[in-house]
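Student: Take a look at the following structure, please.
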Amino acid sequence: MDLRNKVSKVRYGENTEKRNTVKGHQLNGRSIEDLSQEERESRPLGIVELDTVEGIKGGELLFTIMVPCFSLMLGFKIKQKTQEEIGKILDDLEDKLDSYFYVIFRKSIPDNGVEFLDFELLERSIHEGLNKRMEVHYTHTYAPYEKPHIENNHILLRWLIEKGYDISLLSADDILDIINRLNNYLDLKKDIKHHYNF
């Protein structure tokens with residue numbers, strides 16, 4: 001077994017106990033438990049996982065989006081760990097992807113970080129005719145295993161961006177190269193598993 005995969009299963013395995021419930025700030029009342037069993041287990045098209053990766057304390061970060069059904073991760077540099085920064089990226093994606101956005105981003109799974117507190121901002125569409133662009137379903141606190149695809153990818157990401165590294169030093173091309181390397185690694189792994197029926 002791939003050592004990195006083994007470490008991931010230990011850190012984010014199914015045997016980890018929930019230590020808390022969904023926080024009270026999620027007034028929309030939606031948690032990961034409101035997803036269907038298929039959505040929770042197999043992450044079909046339309047389900048994405050959201051998170052951020054910190055560099056130096058108080059510095060720039062990476063906002064990461066994992067599309068598990070494609071084994072695809074997206075990464076965007078943001079200046080601060082704020083709801084507004086996340087909202088800007090989602091607005092831009094909704095604008096550029098147009099109708100494809102609503103197929104890929106039907107439901108999102110963030111954690112309880114301060115940058116994801118405002119579910120209305122995350123859900124609000126840039127188009128006046130749309131009630132919302134997606135549904136937000138929060139994980140439980142202290143439960144990273146509830147979004148395992150993005151958490152496992154972050155383990156690999158830390159091989160390329162170590163904790164404490166100043167992300168502001170990375171150019172847009174640097175970030176694209178890092179994300180492409182991760183996606184290529186995941187594609188290779190997926191092909192090998194399919195070929196050998198792992």
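Chain labels run A, B, ... following the order of the structure tokens; each chain numbers its residues from 1, and ligands are numbered from 1 in the order shown.
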Could you name the residues that touch Pro44 (chain A) at 8 Å or less, counting only C-alpha atoms, but leaving out those on the same chain fewer than 3 positions away, as a list of chain:residue names?
Tutor: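 The neighbour list is A:Glu38, A:Glu39, A:Ile47, A:Pro68, A:Cys69.
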Student: Which residue gives the smallest distance to Thr82 (chain A) among A:Glu151, A:Glu162, A:Glu115, A:Glu94, with only C-alpha atoms counted?
Tutor: A:Glu115
Student: Sorted by chain and rising residue number, which residues of region 39-96 of chain A lie within 12 Å of region 127-147 of chain A, and what are their closest atom pairs and distances in Å to one decimal, counting only C-alpha atoms, as CSV?
Tutor:
residue,atom,partner,partner_atom,distance
A:Glu39,CA,A:His137,CA,11.3
A:Arg40,CA,A:Glu146,CA,8.2
A:Glu41,CA,A:Glu146,CA,9.6
A:Ser42,CA,A:Lys147,CA,11.4
A:Arg43,CA,A:Lys147,CA,9.8
A:Gly46,CA,A:Met134,CA,9.3
A:Ile47,CA,A:Glu135,CA,9.6
A:Val48,CA,A:Lys147,CA,9.2
A:Glu49,CA,A:Lys147,CA,6.3
A:Leu50,CA,A:Lys147,CA,8.4
A:Asp51,CA,A:Lys147,CA,9.3
A:Ile65,CA,A:Lys147,CA,11.1
A:Met66,CA,A:Lys147,CA,9.4
A:Val67,CA,A:Lys147,CA,11.1
A:Pro68,CA,A:Lys147,CA,9.9
A:Gly87,CA,A:Arg133,CA,11.7
A:Leu90,CA,A:Arg133,CA,9.5
A:Asp91,CA,A:Arg133,CA,9.6
A:Asp92,CA,A:His127,CA,12.0
A:Leu93,CA,A:Arg133,CA,11.0
A:Glu94,CA,A:Arg133,CA,8.0
A:Asp95,CA,A:His127,CA,8.9
Student: Could you check how far CA of Lys163 (chain A) sits from CA of Gly55 (chain A), in Å to one decimal?
Tutor: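 Calculated distance between CA of Lys163 (chain A) and CA of Gly55 (chain A) is 5.9 Å.
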Student: I'd like a table as a Markdown table: residues in region 19-99 of chain A with an atom no more than 8 Å from region 173-186 of chain A, each row giving the shortest atom pair and its distance in Å to one decimal, only C-alpha atoms counted, sorted by chain and rising residue number.
Tutor:
| residue | atom | partner | partner_atom | distance |
| --- | --- | --- | --- | --- |
| A:Ser71 | CA | A:Leu186 | CA | 6.4 |
| A:Leu72 | CA | A:Asn183 | CA | 5.8 |
| A:Met73 | CA | A:Asn183 | CA | 6.5 |
| A:Leu74 | CA | A:Ile179 | CA | 6.7 |
| A:Gly75 | CA | A:Ile179 | CA | 6.5 |
| A:Phe76 | CA | A:Ile175 | CA | 7.7 |
| A:Lys77 | CA | A:Ile175 | CA | 7.9 |
Student: For the residues in that selection, give me N, CA and C atoms as a compact mmCIF listing (two decimals), in the first residue's frame.
Tutor:
# COMPACT_ATOMS: atom_id res chain seq x y z
N SER A 71 -11.37 13.30 -9.35
CA SER A 71 -10.06 13.33 -8.69
C SER A 71 -9.32 14.61 -9.07
N LEU A 72 -10.04 15.71 -9.02
CA LEU A 72 -9.52 17.00 -9.47
C LEU A 72 -9.52 18.00 -8.33
N MET A 73 -8.38 18.64 -8.11
CA MET A 73 -8.30 19.70 -7.12
C MET A 73 -7.99 21.02 -7.80
N LEU A 74 -8.65 22.09 -7.34
CA LEU A 74 -8.40 23.44 -7.80
C LEU A 74 -7.77 24.22 -6.66
N GLY A 75 -6.91 25.17 -6.97
CA GLY A 75 -6.26 25.96 -5.93
C GLY A 75 -6.18 27.43 -6.31
N PHE A 76 -6.52 28.30 -5.38
CA PHE A 76 -6.54 29.74 -5.63
C PHE A 76 -5.88 30.46 -4.46
N LYS A 77 -4.99 31.38 -4.80
CA LYS A 77 -4.33 32.15 -3.74
C LYS A 77 -5.28 33.24 -3.26
Student: Record the distance separating CA of Lys57 (chain A) and CA of Lys79 (chain A), expressed in Å with one decimal.
Tutor: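 Distance between the two atoms: 11.8 Å.
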Student: So the first atom is CA of Ile86 (chain A) and the second is CA of Asp111 (chain A); what is the distance between them in Å, to one decimal place?
Tutor: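 That distance, rounded to one decimal, is 13.2 Å.
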Student: Excluding Ile56 (chain A) and any residue of its chain fewer than 4 positions from it, enumerate the residues within 12 Å of it, using only C-alpha atoms, and give them as JSON, numbers by chain.
Tutor: {"A": [60, 61, 62, 79, 80, 81, 161, 162, 163, 164, 165, 166, 167, 168, 169]}
Student: Would you put the residues from that selection into a file with N, CA and C atoms, as an mmCIF file, in the first residue's frame?
Tutor:
data_model
loop_
_atom_site.group_PDB
_atom_site.id
_atom_site.type_symbol
_atom_site.label_atom_id
_atom_site.label_comp_id
_atom_site.auth_asym_id
_atom_site.auth_seq_id
_atom_site.Cartn_x
_atom_site.Cartn_y
_atom_site.Cartn_z
ATOM 1 N N GLU A 60 -0.846 35.044 3.313
ATOM 2 C CA GLU A 60 -1.720 34.564 2.249
ATOM 3 C C GLU A 60 -1.932 33.060 2.375
ATOM 4 N N LEU A 61 -3.040 32.593 1.797
ATOM 5 C CA LEU A 61 -3.412 31.187 1.884
ATOM 6 C C LEU A 61 -3.766 30.641 0.513
ATOM 7 N N LEU A 62 -3.977 29.344 0.467
ATOM 8 C CA LEU A 62 -4.561 28.707 -0.714
ATOM 9 C C LEU A 62 -5.975 28.285 -0.365
ATOM 10 N N LYS A 79 -5.717 36.458 -0.177
ATOM 11 C CA LYS A 79 -4.892 37.322 0.667
ATOM 12 C C LYS A 79 -5.131 37.099 2.157
ATOM 13 N N GLN A 80 -6.395 36.821 2.526
ATOM 14 C CA GLN A 80 -6.735 36.662 3.942
ATOM 15 C C GLN A 80 -7.725 35.517 4.114
ATOM 16 N N LYS A 81 -7.785 35.014 5.337
ATOM 17 C CA LYS A 81 -8.708 33.927 5.659
ATOM 18 C C LYS A 81 -10.074 34.526 6.011
ATOM 19 N N ILE A 161 4.370 22.323 -0.406
ATOM 20 C CA ILE A 161 4.332 23.598 0.331
ATOM 21 C C ILE A 161 4.367 23.261 1.813
ATOM 22 N N GLU A 162 5.518 23.385 2.423
ATOM 23 C CA GLU A 162 5.647 23.026 3.836
ATOM 24 C C GLU A 162 4.946 24.031 4.728
ATOM 25 N N LYS A 163 4.558 23.578 5.914
ATOM 26 C CA LYS A 163 3.938 24.469 6.890
ATOM 27 C C LYS A 163 4.902 25.596 7.203
ATOM 28 N N GLY A 164 4.373 26.814 7.281
ATOM 29 C CA GLY A 164 5.219 27.962 7.591
ATOM 30 C C GLY A 164 5.835 28.615 6.376
ATOM 31 N N TYR A 165 5.597 28.047 5.170
ATOM 32 C CA TYR A 165 6.130 28.665 3.954
ATOM 33 C C TYR A 165 5.258 29.866 3.597
ATOM 34 N N ASP A 166 5.884 30.937 3.151
ATOM 35 C CA ASP A 166 5.161 32.160 2.794
ATOM 36 C C ASP A 166 4.539 31.992 1.402
ATOM 37 N N ILE A 167 3.226 31.774 1.373
ATOM 38 C CA ILE A 167 2.521 31.513 0.108
ATOM 39 C C ILE A 167 2.535 32.731 -0.810
ATOM 40 N N SER A 168 2.736 33.926 -0.244
ATOM 41 C CA SER A 168 2.797 35.130 -1.089
ATOM 42 C C SER A 168 3.978 35.077 -2.057
ATOM 43 N N LEU A 169 4.974 34.241 -1.755
ATOM 44 C CA LEU A 169 6.140 34.110 -2.646
ATOM 45 C C LEU A 169 5.832 33.281 -3.887
#
